[in-house]
>>> print(open('run.cif').read())   # mmCIF, C-alpha atoms
data_query
loop_
_atom_site.label_atom_id
_atom_site.label_comp_id
_atom_site.auth_asym_id
_atom_site.auth_seq_id
_atom_site.Cartn_x
_atom_site.Cartn_y
_atom_site.Cartn_z
CA MET J 1 23.61 -30.95 5.73
CA SER J 2 19.95 -30.06 5.45
CA ALA J 3 17.47 -32.54 4.12
CA PRO J 4 16.40 -32.43 0.45
CA GLY J 5 13.71 -29.86 -0.17
CA ARG J 6 14.83 -27.80 2.78
CA ALA J 7 16.71 -24.51 2.79
CA ASP J 8 17.83 -22.35 5.71
CA GLY J 9 15.98 -24.59 8.13
CA ARG J 10 12.64 -24.18 6.45
CA SER J 11 10.20 -27.05 6.24
CA GLY J 12 10.38 -29.33 3.22
CA ASP J 13 6.66 -28.99 2.43
CA ARG J 14 6.90 -25.41 1.21
CA PRO J 15 5.11 -24.82 -2.12
CA ARG J 16 7.11 -25.23 -5.30
CA PRO J 17 7.47 -22.21 -7.57
CA HIS J 18 5.59 -22.08 -10.86
CA GLN J 19 8.98 -21.99 -12.64
CA PRO J 20 11.24 -23.93 -10.23
CA GLN J 21 14.20 -23.70 -12.60
CA HIS J 22 14.39 -19.98 -11.76
CA ALA J 23 13.78 -20.14 -7.99
CA ALA J 24 15.36 -21.98 -5.08
CA GLU J 25 12.44 -21.32 -2.72
CA GLY J 26 8.67 -21.24 -3.05
CA ALA J 27 6.45 -18.55 -1.53
CA THR J 28 3.06 -18.94 0.09
CA TRP J 29 0.27 -16.62 -1.00
CA PRO J 30 0.41 -14.54 2.20
CA GLU J 31 4.19 -14.18 1.84
CA LEU J 32 3.98 -13.14 -1.80
CA VAL J 33 1.17 -10.63 -1.38
CA GLY J 34 2.47 -9.40 1.96
CA LEU J 35 5.98 -8.63 0.71
CA PHE J 36 4.85 -6.64 -2.32
CA ALA J 37 2.20 -4.82 -0.32
CA ARG J 38 4.92 -3.76 2.15
CA LEU J 39 7.18 -2.72 -0.69
CA GLY J 40 4.31 -0.70 -2.11
CA VAL J 41 4.21 1.22 1.18
CA VAL J 42 7.96 1.84 1.68
CA ALA J 43 9.41 1.72 -1.87
CA PHE J 44 10.41 5.35 -2.27
CA GLY J 45 12.95 6.67 -4.75
CA GLY J 46 11.72 5.65 -8.19
CA PRO J 47 12.16 2.46 -10.24
CA VAL J 48 15.91 2.11 -9.65
CA ALA J 49 15.37 2.09 -5.88
CA HIS J 50 12.35 -0.23 -6.22
CA ILE J 51 14.37 -2.79 -8.18
CA ALA J 52 17.19 -2.45 -5.67
CA MET J 53 14.78 -3.28 -2.84
CA MET J 54 13.39 -6.23 -4.80
CA ASP J 55 16.87 -7.57 -5.46
CA ARG J 56 17.62 -7.45 -1.74
CA GLU J 57 14.30 -8.95 -0.61
CA VAL J 58 13.43 -11.37 -3.43
CA VAL J 59 16.82 -12.56 -4.69
CA GLU J 60 19.14 -12.39 -1.68
CA ARG J 61 16.94 -12.91 1.36
CA ARG J 62 14.08 -15.11 0.10
CA ARG J 63 15.58 -16.71 -3.04
CA TRP J 64 12.26 -16.52 -4.89
CA VAL J 65 14.10 -15.76 -8.14
CA ASP J 66 17.72 -16.56 -8.95
CA ARG J 67 19.96 -13.60 -9.73
CA GLN J 68 20.62 -14.42 -13.40
CA HIS J 69 16.91 -14.69 -14.16
CA PHE J 70 16.32 -11.48 -12.19
CA LEU J 71 18.91 -9.73 -14.38
CA ASP J 72 17.34 -11.16 -17.53
CA LEU J 73 13.90 -9.97 -16.44
CA MET J 74 15.27 -6.56 -15.53
CA ALA J 75 16.74 -6.24 -19.01
CA ALA J 76 13.67 -7.63 -20.80
CA THR J 77 11.23 -5.27 -19.06
CA ASN J 78 13.10 -2.37 -20.65
CA LEU J 79 11.78 -3.64 -23.99
CA LEU J 80 8.17 -3.21 -22.84
CA PRO J 81 6.11 -0.09 -22.26
CA GLY J 82 4.95 0.69 -18.76
CA PRO J 83 6.55 0.96 -15.30
CA ASN J 84 9.59 -1.34 -15.15
CA SER J 85 9.61 -1.85 -11.39
CA THR J 86 5.91 -2.80 -11.37
CA GLN J 87 6.48 -5.29 -14.17
CA MET J 88 9.35 -6.78 -12.17
CA THR J 89 6.95 -7.48 -9.29
CA MET J 90 4.61 -9.15 -11.78
CA HIS J 91 7.39 -11.38 -13.13
CA VAL J 92 8.38 -12.46 -9.62
CA GLY J 93 4.73 -13.34 -9.02
CA TYR J 94 4.69 -15.30 -12.29
CA VAL J 95 7.81 -17.29 -11.39
CA GLN J 96 6.20 -18.19 -8.06
CA LYS J 97 2.50 -18.63 -8.84
CA GLY J 98 1.85 -18.25 -12.56
CA ASP J 99 -0.74 -15.82 -13.92
CA ARG J 100 -2.57 -15.51 -10.62
CA GLY J 101 0.67 -14.70 -8.85
CA LEU J 102 1.45 -12.10 -11.50
CA LEU J 103 -1.90 -10.38 -10.97
CA ALA J 104 -1.66 -10.58 -7.17
CA ALA J 105 1.93 -9.29 -6.93
CA GLY J 106 1.29 -6.43 -9.36
CA ALA J 107 -1.92 -5.36 -7.64
CA ALA J 108 -0.33 -5.62 -4.18
CA PHE J 109 2.50 -3.31 -5.26
CA ILE J 110 0.32 -0.76 -7.07
CA LEU J 111 -2.63 -0.48 -4.67
CA PRO J 112 -0.85 0.90 -1.56
CA ALA J 113 0.95 3.58 -3.58
CA ALA J 114 -2.28 4.54 -5.36
CA LEU J 115 -4.15 4.80 -2.05
CA VAL J 116 -1.38 6.90 -0.49
CA THR J 117 -1.34 9.14 -3.57
CA LEU J 118 -5.12 9.49 -3.42
CA GLY J 119 -4.95 10.48 0.25
CA LEU J 120 -2.19 13.00 -0.37
CA SER J 121 -4.06 14.41 -3.35
CA TRP J 122 -7.06 15.02 -1.10
CA ALA J 123 -4.82 16.64 1.53
CA TRP J 124 -2.88 18.65 -1.04
CA VAL J 125 -6.02 20.31 -2.33
CA ARG J 126 -6.79 21.49 1.21
CA PHE J 127 -3.37 21.83 2.89
CA ARG J 128 -0.59 22.99 0.59
CA ASP J 129 2.14 23.16 3.24
CA LEU J 130 3.34 19.82 4.67
CA PRO J 131 6.64 20.47 6.52
CA VAL J 132 6.58 17.11 8.29
CA VAL J 133 6.79 15.35 4.90
CA ASP J 134 9.78 17.47 3.87
CA ALA J 135 11.53 16.61 7.13
CA ALA J 136 10.91 12.87 6.71
CA PHE J 137 12.15 12.85 3.14
CA ALA J 138 15.33 14.64 4.15
CA GLY J 139 16.18 11.42 6.01
CA ILE J 140 14.67 8.94 3.53
CA GLN J 141 16.51 10.22 0.47
CA PRO J 142 20.06 9.36 1.69
CA VAL J 143 18.81 5.88 2.62
CA VAL J 144 17.48 5.46 -0.91
CA VAL J 145 20.91 6.40 -2.30
CA ALA J 146 22.46 3.67 -0.14
CA ILE J 147 19.87 1.14 -1.36
CA ILE J 148 20.67 1.96 -4.99
CA LEU J 149 24.42 1.71 -4.39
CA THR J 150 23.96 -1.67 -2.69
CA ALA J 151 22.02 -3.00 -5.66
CA ILE J 152 24.66 -1.78 -8.10
CA LEU J 153 27.46 -3.36 -6.08
CA THR J 154 25.51 -6.63 -6.05
CA LEU J 155 24.33 -6.67 -9.66
CA ALA J 156 27.42 -5.33 -11.44
CA PRO J 157 29.71 -8.38 -10.98
CA ARG J 158 27.08 -10.70 -12.49
CA ALA J 159 25.87 -8.34 -15.21
CA ALA J 160 29.42 -7.49 -16.31
CA ASP J 161 31.42 -10.68 -15.81
CA ASP J 162 33.85 -10.35 -18.74
CA LEU J 163 35.76 -7.64 -20.55
CA ARG J 164 33.06 -7.14 -23.19
CA THR J 165 30.15 -6.65 -20.82
CA ARG J 166 32.29 -4.47 -18.55
CA ALA J 167 33.02 -2.24 -21.54
CA ILE J 168 29.29 -2.03 -22.30
CA LEU J 169 28.55 -1.13 -18.67
CA ALA J 170 31.25 1.56 -18.60
CA GLY J 171 30.16 2.99 -21.94
CA SER J 172 26.53 3.07 -20.83
CA LEU J 173 27.51 4.86 -17.62
CA VAL J 174 29.48 7.52 -19.50
CA ALA J 175 26.80 7.97 -22.16
CA SER J 176 24.10 8.40 -19.51
CA LEU J 177 26.16 10.91 -17.55
CA VAL J 178 26.72 13.08 -20.62
CA GLY J 179 22.98 13.15 -21.32
CA VAL J 180 22.38 10.50 -23.99
CA ASP J 181 18.75 9.32 -23.91
CA GLU J 182 18.47 6.18 -21.81
CA LEU J 183 16.39 4.35 -24.44
CA LEU J 184 19.19 4.87 -26.95
CA VAL J 185 21.76 3.72 -24.39
CA LEU J 186 19.82 0.52 -23.72
CA ALA J 187 19.24 -0.12 -27.44
CA VAL J 188 22.95 0.27 -28.19
CA GLY J 189 23.82 -1.98 -25.23
CA ALA J 190 21.51 -4.70 -26.56
CA LEU J 191 22.98 -4.37 -30.06
CA LEU J 192 26.55 -4.51 -28.73
CA GLY J 193 25.67 -7.56 -26.65
CA TRP J 194 24.91 -9.38 -29.88
CA LEU J 195 27.62 -7.82 -32.06
CA VAL J 196 30.50 -8.78 -29.79
CA HIS J 197 29.34 -12.40 -29.62
CA ARG J 198 27.37 -13.52 -32.66
CA SER J 199 27.05 -13.37 -36.45
CA TRP J 200 24.16 -12.38 -38.73
CA ARG J 201 23.43 -16.04 -39.46
CA ARG J 202 23.03 -16.78 -35.77
CA LEU J 203 20.80 -13.72 -35.45
CA ARG J 204 18.54 -15.03 -38.22
CA ASP J 205 18.37 -18.48 -36.63
CA GLY J 206 17.66 -16.92 -33.24
CA LEU J 207 14.81 -14.80 -34.58
CA ARG J 208 13.25 -17.90 -36.13
CA ALA J 209 13.50 -19.69 -32.79
CA LEU J 210 11.84 -16.76 -31.01
CA ARG J 211 9.03 -16.73 -33.56
CA ARG J 212 8.39 -20.41 -32.90
CA ALA J 213 8.48 -19.76 -29.13
CA ALA J 214 5.81 -17.06 -29.24
CA PRO J 215 2.18 -18.11 -28.71
CA ASP J 216 0.04 -18.38 -31.84
CA GLY J 217 -2.35 -15.61 -32.82
CA ARG J 218 -5.33 -17.17 -31.06
CA GLY J 219 -3.36 -17.77 -27.89
CA ALA J 220 -2.06 -14.20 -27.82
CA ALA J 221 -5.54 -12.80 -28.49
CA ALA J 222 -7.05 -14.95 -25.74
CA LEU J 223 -4.35 -13.84 -23.33
CA LEU J 224 -5.00 -10.18 -24.13
CA LEU J 225 -8.76 -10.60 -23.72
CA VAL J 226 -8.33 -12.35 -20.37
CA GLY J 227 -6.13 -9.54 -19.14
CA LEU J 228 -8.37 -6.76 -20.43
CA ALA J 229 -11.85 -8.16 -19.84
CA PRO J 230 -12.33 -7.45 -16.11
CA TRP J 231 -11.04 -3.90 -16.39
CA THR J 232 -12.85 -3.13 -19.64
CA LEU J 233 -16.17 -4.36 -18.26
CA GLY J 234 -15.64 -2.29 -15.14
CA ALA J 235 -14.84 0.79 -17.18
CA ALA J 236 -17.94 0.27 -19.35
CA ALA J 237 -20.18 0.48 -16.29
CA ARG J 238 -21.77 3.83 -15.57
CA ALA J 239 -19.54 5.98 -13.38
CA PRO J 240 -21.14 6.65 -10.00
CA THR J 241 -19.93 10.25 -9.87
CA GLY J 242 -18.14 12.78 -12.03
CA ASP J 243 -18.54 13.95 -15.57
CA VAL J 244 -18.77 10.93 -17.94
CA GLU J 245 -17.09 12.74 -20.83
CA ARG J 246 -14.20 13.81 -18.64
CA LEU J 247 -13.81 10.27 -17.28
CA SER J 248 -13.82 8.90 -20.82
CA GLN J 249 -11.04 11.32 -21.77
CA LEU J 250 -9.02 10.26 -18.74
CA TRP J 251 -9.49 6.58 -19.56
CA TRP J 252 -8.32 6.76 -23.16
CA TRP J 253 -5.46 9.21 -22.59
CA PHE J 254 -3.95 7.24 -19.70
CA LEU J 255 -4.51 3.94 -21.48
CA ARG J 256 -2.50 5.34 -24.38
CA PHE J 257 0.22 6.47 -21.98
CA GLY J 258 0.45 2.97 -20.54
CA LEU J 259 0.73 1.43 -24.01
CA THR J 260 3.39 3.77 -25.40
CA LEU J 261 5.50 5.00 -22.48
CA PHE J 262 8.92 3.35 -22.74
CA GLY J 263 11.91 4.09 -20.55
CA SER J 264 11.89 6.31 -17.49
CA GLY J 265 8.69 7.09 -15.66
CA TYR J 266 9.67 10.73 -15.90
CA LEU J 267 8.71 10.58 -19.57
CA LEU J 268 5.15 10.64 -18.23
CA VAL J 269 5.71 14.30 -17.34
CA ALA J 270 6.30 15.17 -20.99
CA TYR J 271 3.25 13.16 -22.03
CA LEU J 272 1.05 14.99 -19.52
CA GLN J 273 2.34 18.41 -20.50
CA THR J 274 1.82 17.82 -24.23
CA SER J 275 -1.59 16.17 -24.09
CA LEU J 276 -3.49 17.23 -20.98
CA VAL J 277 -2.00 20.74 -20.65
CA ASP J 278 -1.17 21.97 -24.14
CA GLU J 279 -3.55 19.98 -26.35
CA LEU J 280 -6.68 19.50 -24.23
CA GLY J 281 -6.25 22.24 -21.65
CA LEU J 282 -7.56 19.96 -18.90
CA LEU J 283 -4.71 20.88 -16.55
CA THR J 284 -2.68 23.99 -15.92
CA THR J 285 1.09 23.71 -15.70
CA ALA J 286 0.86 24.61 -12.01
CA GLN J 287 -1.54 21.70 -11.38
CA LEU J 288 0.72 19.35 -13.29
CA LEU J 289 3.68 20.36 -11.12
CA GLU J 290 1.60 19.74 -7.98
CA ALA J 291 0.70 16.24 -9.25
CA ILE J 292 4.37 15.50 -9.90
CA VAL J 293 5.29 16.61 -6.38
CA ILE J 294 2.66 14.25 -4.94
CA GLY J 295 3.95 11.40 -7.13
CA GLU J 296 7.48 12.03 -5.86
CA MET J 297 6.33 12.13 -2.24
CA THR J 298 4.61 8.75 -2.35
CA PRO J 299 6.03 5.21 -2.41
CA GLY J 300 5.66 2.81 -5.29
CA PRO J 301 5.84 3.53 -9.02
CA LEU J 302 6.06 7.12 -10.28
CA PHE J 303 3.13 6.24 -12.55
CA THR J 304 0.89 6.89 -9.54
CA THR J 305 1.28 10.55 -10.50
CA SER J 306 -1.66 9.60 -12.73
CA THR J 307 -3.72 9.05 -9.57
CA ALA J 308 -3.12 12.65 -8.52
CA VAL J 309 -3.93 13.98 -12.01
CA GLY J 310 -7.10 11.91 -12.09
CA TYR J 311 -8.14 13.26 -8.69
CA PHE J 312 -7.55 16.86 -9.77
CA LEU J 313 -9.68 16.34 -12.89
CA GLY J 314 -12.39 13.94 -11.73
CA GLY J 315 -12.28 13.46 -7.96
CA GLY J 316 -12.05 9.97 -6.52
CA THR J 317 -13.61 8.36 -9.60
CA GLY J 318 -11.17 10.15 -11.88
CA ALA J 319 -8.26 8.92 -9.74
CA VAL J 320 -9.43 5.30 -10.07
CA VAL J 321 -9.99 5.60 -13.84
CA ALA J 322 -6.58 7.18 -14.53
CA THR J 323 -4.74 4.68 -12.31
CA VAL J 324 -6.39 1.60 -13.80
CA ALA J 325 -5.93 2.85 -17.36
CA ILE J 326 -2.19 3.56 -17.13
CA PHE J 327 -1.31 0.31 -15.32
CA LEU J 328 -3.69 -1.93 -17.29
CA PRO J 329 -1.46 -2.72 -20.31
CA SER J 330 1.36 -3.97 -18.07
CA PHE J 331 -0.61 -7.03 -16.93
CA PRO J 332 -1.21 -8.77 -20.29
CA LEU J 333 2.25 -7.72 -21.51
CA ALA J 334 3.84 -9.26 -18.42
CA MET J 335 1.79 -12.45 -18.90
CA LEU J 336 3.04 -12.71 -22.46
CA LEU J 337 6.66 -12.11 -21.45
CA GLY J 338 6.35 -14.66 -18.65
CA ARG J 339 5.44 -17.32 -21.21
CA ILE J 340 8.17 -16.37 -23.66
CA MET J 341 10.97 -15.70 -21.17
CA PRO J 342 11.97 -19.34 -20.50
CA ARG J 343 12.40 -19.92 -24.24
CA LEU J 344 14.08 -16.56 -24.68
CA SER J 345 16.67 -17.63 -22.12
CA ARG J 346 17.45 -20.74 -24.23
CA SER J 347 17.93 -18.69 -27.40
CA THR J 348 21.60 -17.95 -28.07
CA VAL J 349 20.86 -14.62 -29.72
CA ALA J 350 18.39 -13.56 -27.03
CA ARG J 351 20.88 -14.51 -24.33
CA GLN J 352 23.60 -12.34 -25.83
CA VAL J 353 21.22 -9.43 -26.43
CA LEU J 354 20.06 -9.66 -22.82
CA ARG J 355 23.67 -9.80 -21.61
CA GLY J 356 24.44 -6.55 -23.37
CA LEU J 357 21.16 -5.03 -22.26
CA GLY J 358 21.69 -6.13 -18.66
CA ALA J 359 25.12 -4.50 -18.55
CA ALA J 360 23.66 -1.32 -20.05
CA VAL J 361 20.86 -1.31 -17.46
CA VAL J 362 23.37 -1.44 -14.60
CA GLY J 363 25.35 1.36 -16.28
CA VAL J 364 22.22 3.51 -16.46
CA MET J 365 21.46 2.66 -12.82
CA ALA J 366 24.94 3.79 -11.83
CA ALA J 367 24.46 7.07 -13.68
CA VAL J 368 21.12 7.59 -11.93
CA ALA J 369 22.75 6.83 -8.58
CA TRP J 370 25.43 9.43 -9.26
CA THR J 371 22.91 12.06 -10.32
CA ILE J 372 20.63 11.43 -7.34
CA GLY J 373 23.57 11.23 -4.95
CA THR J 374 24.99 14.60 -5.96
CA ARG J 375 21.59 16.18 -5.34
CA VAL J 376 20.83 14.40 -2.07
CA VAL J 377 24.22 14.44 -0.34
CA THR J 378 24.57 18.19 0.19
CA ASP J 379 25.87 18.26 3.77
CA VAL J 380 27.63 16.15 6.37
CA PRO J 381 24.48 14.63 7.99
CA SER J 382 23.11 13.36 4.66
CA GLY J 383 26.54 11.92 3.78
CA LEU J 384 26.74 10.13 7.12
CA ILE J 385 23.25 8.68 6.65
CA VAL J 386 24.32 7.26 3.27
CA LEU J 387 27.47 5.68 4.73
CA VAL J 388 25.72 4.18 7.76
CA ALA J 389 22.83 2.81 5.67
CA LEU J 390 25.28 1.36 3.11
CA ALA J 391 27.25 -0.36 5.88
CA VAL J 392 24.06 -1.79 7.42
CA LEU J 393 22.87 -3.14 4.06
CA ARG J 394 26.23 -4.63 3.15
CA PHE J 395 27.20 -6.19 6.48
CA THR J 396 23.92 -7.06 8.23
CA ARG J 397 20.70 -8.83 7.32
CA LEU J 398 18.62 -5.73 7.97
CA GLY J 399 16.71 -4.83 4.82
CA PRO J 400 15.45 -1.64 3.16
CA ILE J 401 11.96 -2.09 4.61
CA ALA J 402 13.39 -1.40 8.08
CA LEU J 403 15.84 1.29 6.98
CA VAL J 404 13.32 3.55 5.23
CA PRO J 405 11.28 4.30 8.38
CA ALA J 406 14.53 4.71 10.31
CA GLY J 407 15.64 7.30 7.77
CA ALA J 408 12.33 9.11 8.15
CA MET J 409 12.80 9.26 11.93
CA VAL J 410 16.33 10.65 11.53
CA GLY J 411 14.96 13.25 9.14
CA TRP J 412 12.33 14.33 11.63
CA LEU J 413 14.90 14.58 14.42
CA LEU J 414 17.33 16.63 12.33
CA ASN J 415 14.81 18.97 10.74
CA LEU J 416 11.96 19.28 13.22
CA GLY J 417 13.88 19.13 16.47
CA PRO J 418 14.32 22.11 18.81
#
>>> encode(input="run.cif", output="structure tokens")
Amino acid sequence: MSAPGRADGRSGDRPRPHQPQHAAEGATWPELVGLFARLGVVAFGGPVAHIAMMDREVVERRRWVDRQHFLDLMAATNLLPGPNSTQMTMHVGYVQKGDRGLLAAGAAFILPAALVTLGLSWAWVRFRDLPVVDAAFAGIQPVVVAIILTAILTLAPRAADDLRTRAILAGSLVASLVGVDELLVLAVGALLGWLVHRSWRRLRDGLRALRRAAPDGRGAAALLLVGLAPWTLGAAARAPTGDVERLSQLWWWFLRFGLTLFGSGYLLVAYLQTSLVDELGLLTTAQLLEAIVIGEMTPGPLFTTSTAVGYFLGGGTGAVVATVAIFLPSFPLAMLLGRIMPRLSRSTVARQVLRGLGAAVVGVMAAVAWTIGTRVVTDVPSGLIVLVALAVLRFTRLGPIALVPAGAMVGWLLNLGP
């Protein structure tokens, strides 16, 4: 038996997590930043795939967050605006290192994707045809399907561990497949999680407990100011290049997107069409479609589509302004949730709501996996890639970070070979 404080042969002097009740292992700063920077480079496939990769790397392999807390966080982030997968990286950073870990993990995940998007935006303006990228993604996409399926197979038994939560999961899956809005599906799942377990009196008592758990007005205001101050001061400085009025428009529009965009990152497309295309006329529909293509081609959160839009409208400075503005609200919101989450988990009502919400989230993930799978698996080679990648993920210790480049190589061989 290993000595106390040791796990998997690791030394007993490893750092303790910030919230040790939610983590079996502590991470060093280089490990924390390095992992999320790598994920920011290889995390293709949207938020479902990102969370699947995080589950594999953070929960299973490194034990930086226990699975139940990971599920609770996954459900709770659906109650907040902003990119869910990015907020999950922030919460892992908070469990490990507190506020500084939250900022470091979030920035490490966002920055690589934003830089890749910026580079592709520059190339896209000059070179519209990129066949090598299409070939690589033909191999990456089936791997992403396998990653999503692996996460669902891992998360489902814990998220739906009794008849009631299994019914919520199945109902959420069916509702999502028939086209019910995912926000409504998640809201109904949360409501059912409470209804099948608790009474109105317990709900009232739980809400009172949550109100007592929340920071007071001064604490919340101070937290918000701390989160906003560095970015706001930077934005107030005179822009080195570009039209100041245009940059100001970008800042306020994307800040509003970040504050109000709930649910899927694809809702950003509707926001951009309504505001920047129809209302302001800053973009044409053709330019918007090009920005979406670039966002789909790059790793990390789909919100980095804002980087491409910013580049189209204001060059490099516009890309920075749009990216910072849309991701900014997630940091103080994640800090607030990190403080409330331990008390939320002790609230009976919150626990039951999160149980229902967690089952609904997995149901929505399964529906997404089905939709993506039917579009990606269109021939025998893509089907074989899915099966091989799924077998590797289920029966070996090889992770998604290694499989994504392997999928790209297979795609090149199949589509660019002689």
>>> atom_distance(input="run.cif", atom1="CA of Gly399 (chain J)", atom2="CA of His22 (chain J)")
22.6 Å
>>> residues_around(input="run.cif", residues="region 382-389 of chain J", least_positions_apart="5", cutoff="7 Å", atoms="only C-alpha atoms", output="list in words")
Pro142, Val143, Val145, Ala146 and Val377 of chain J
>>> residues_around(input="run.cif", residues="Val58 (chain J)", least_positions_apart="4", cutoff="10 Å", atoms="only C-alpha atoms", output="list of chain:residue names")
J:Ala23, J:Leu32, J:Leu35, J:Phe36, J:Ile51, J:Ala52, J:Met53, J:Met54, J:Arg62, J:Arg63, J:Trp64, J:Val65, J:Asp66, J:Arg67, J:Phe70, J:Thr89, J:Val92
>>> residues_around(input="run.cif", residues="Leu255 (chain J)", least_positions_apart="3", cutoff="10 Å", atoms="all atoms listed in the file", output="PyMOL selection string")
chain J and resi 249-252+258-260+321-329
>>> residues_around(input="run.cif", residues="region 167-181 of chain J", least_positions_apart="2", cutoff="10 Å", atoms="only C-alpha atoms", output="PDB file with C-alpha atoms, keeping the file's coordinate frame")
ATOM      1  CA  ALA J 156      27.420  -5.330 -11.440  1.00  0.00           C
ATOM      2  CA  ALA J 159      25.870  -8.340 -15.210  1.00  0.00           C
ATOM      3  CA  ALA J 160      29.420  -7.490 -16.310  1.00  0.00           C
ATOM      4  CA  ASP J 162      33.850 -10.350 -18.740  1.00  0.00           C
ATOM      5  CA  LEU J 163      35.760  -7.640 -20.550  1.00  0.00           C
ATOM      6  CA  ARG J 164      33.060  -7.140 -23.190  1.00  0.00           C
ATOM      7  CA  THR J 165      30.150  -6.650 -20.820  1.00  0.00           C
ATOM      8  CA  LEU J 183      16.390   4.350 -24.440  1.00  0.00           C
ATOM      9  CA  LEU J 184      19.190   4.870 -26.950  1.00  0.00           C
ATOM     10  CA  VAL J 185      21.760   3.720 -24.390  1.00  0.00           C
ATOM     11  CA  LEU J 186      19.820   0.520 -23.720  1.00  0.00           C
ATOM     12  CA  VAL J 188      22.950   0.270 -28.190  1.00  0.00           C
ATOM     13  CA  GLY J 189      23.820  -1.980 -25.230  1.00  0.00           C
ATOM     14  CA  ALA J 190      21.510  -4.700 -26.560  1.00  0.00           C
ATOM     15  CA  LEU J 192      26.550  -4.510 -28.730  1.00  0.00           C
ATOM     16  CA  GLY J 193      25.670  -7.560 -26.650  1.00  0.00           C
ATOM     17  CA  GLY J 263      11.910   4.090 -20.550  1.00  0.00           C
ATOM     18  CA  SER J 264      11.890   6.310 -17.490  1.00  0.00           C
ATOM     19  CA  ARG J 355      23.670  -9.800 -21.610  1.00  0.00           C
ATOM     20  CA  GLY J 356      24.440  -6.550 -23.370  1.00  0.00           C
ATOM     21  CA  LEU J 357      21.160  -5.030 -22.260  1.00  0.00           C
ATOM     22  CA  GLY J 358      21.690  -6.130 -18.660  1.00  0.00           C
ATOM     23  CA  ALA J 359      25.120  -4.500 -18.550  1.00  0.00           C
ATOM     24  CA  ALA J 360      23.660  -1.320 -20.050  1.00  0.00           C
ATOM     25  CA  VAL J 361      20.860  -1.310 -17.460  1.00  0.00           C
ATOM     26  CA  VAL J 362      23.370  -1.440 -14.600  1.00  0.00           C
ATOM     27  CA  GLY J 363      25.350   1.360 -16.280  1.00  0.00           C
ATOM     28  CA  VAL J 364      22.220   3.510 -16.460  1.00  0.00           C
ATOM     29  CA  MET J 365      21.460   2.660 -12.820  1.00  0.00           C
ATOM     30  CA  ALA J 366      24.940   3.790 -11.830  1.00  0.00           C
ATOM     31  CA  ALA J 367      24.460   7.070 -13.680  1.00  0.00           C
ATOM     32  CA  VAL J 368      21.120   7.590 -11.930  1.00  0.00           C
ATOM     33  CA  TRP J 370      25.430   9.430  -9.260  1.00  0.00           C
ATOM     34  CA  THR J 371      22.910  12.060 -10.320  1.00  0.00           C
TER      35      THR J 371
END
>>> residues_around(input="run.cif", residues="Trp194 (chain J)", least_positions_apart="4", cutoff="7 Å", atoms="all atoms listed in the file", output="ChimeraX atom specification")
/J:190,198,349,352-353
>>> write_last_selection(input="run.cif", atoms="C-alpha atoms", output="mmCIF file, in the frame of the given file")
data_model
loop_
_atom_site.group_PDB
_atom_site.id
_atom_site.type_symbol
_atom_site.label_atom_id
_atom_site.label_comp_id
_atom_site.auth_asym_id
_atom_site.auth_seq_id
_atom_site.Cartn_x
_atom_site.Cartn_y
_atom_site.Cartn_z
ATOM 1 C CA ALA J 190 21.510 -4.700 -26.560
ATOM 2 C CA ARG J 198 27.370 -13.520 -32.660
ATOM 3 C CA VAL J 349 20.860 -14.620 -29.720
ATOM 4 C CA GLN J 352 23.600 -12.340 -25.830
ATOM 5 C CA VAL J 353 21.220 -9.430 -26.430
#
>>> closest_residue(input="run.cif", among="J:Trp124, J:Phe395, J:Phe44, J:Phe331", to="Met88 (chain J)", atoms="only C-alpha atoms")
J:Phe331
>>> resolve_selection(input="run.cif", expression="the PyMOL selection byres ((chain J and resi 94) around 12)", output="VMD selection string")
chain J and resid 17 to 20 22 to 23 26 to 27 32 64 to 65 73 87 to 93 95 to 106 331 to 332 334 to 342
>>> closest_residue(input="run.cif", among="J:Arg158, J:Arg166, J:Arg14, J:Arg394", to="Glu31 (chain J)", atoms="all atoms listed in the file")
J:Arg14
>>> closest_residue(input="run.cif", among="J:Pro405, J:Pro381, J:Pro301, J:Gly318", to="Glu245 (chain J)", atoms="all atoms listed in the file")
J:Gly318
>>> closest_residue(input="run.cif", among="J:Asp134, J:Asp161, J:Glu57, J:Glu182", to="Pro400 (chain J)", atoms="only C-alpha atoms")
J:Glu57
>>> atom_distance(input="run.cif", atom1="CA of Leu115 (chain J)", atom2="CA of Thr305 (chain J)")
11.6 Å
>>> closest_residue(input="run.cif", among="J:Ala76, J:Leu120, J:Leu313, J:Ala108", to="Val244 (chain J)", atoms="all atoms listed in the file")
J:Leu313
>>> atom_distance(input="run.cif", atom1="CA of Pro299 (chain J)", atom2="CA of Ala43 (chain J)")
4.9 Å
>>> closest_residue(input="run.cif", among="J:Ala402, J:Leu390, J:Asn84, J:Ile140", to="Leu414 (chain J)", atoms="all atoms listed in the file")
J:Ile140
>>> resolve_selection(input="run.cif", expression="the PyMOL selection byres ((chain J and resi 409) around 12)", output="list of chain:residue names")
J:Val132, J:Val133, J:Asp134, J:Ala135, J:Ala136, J:Phe137, J:Ala138, J:Gly139, J:Ile140, J:Val143, J:Ile385, J:Ala402, J:Leu403, J:Val404, J:Pro405, J:Ala406, J:Gly407, J:Ala408, J:Val410, J:Gly411, J:Trp412, J:Leu413, J:Leu414, J:Asn415, J:Leu416, J:Gly417
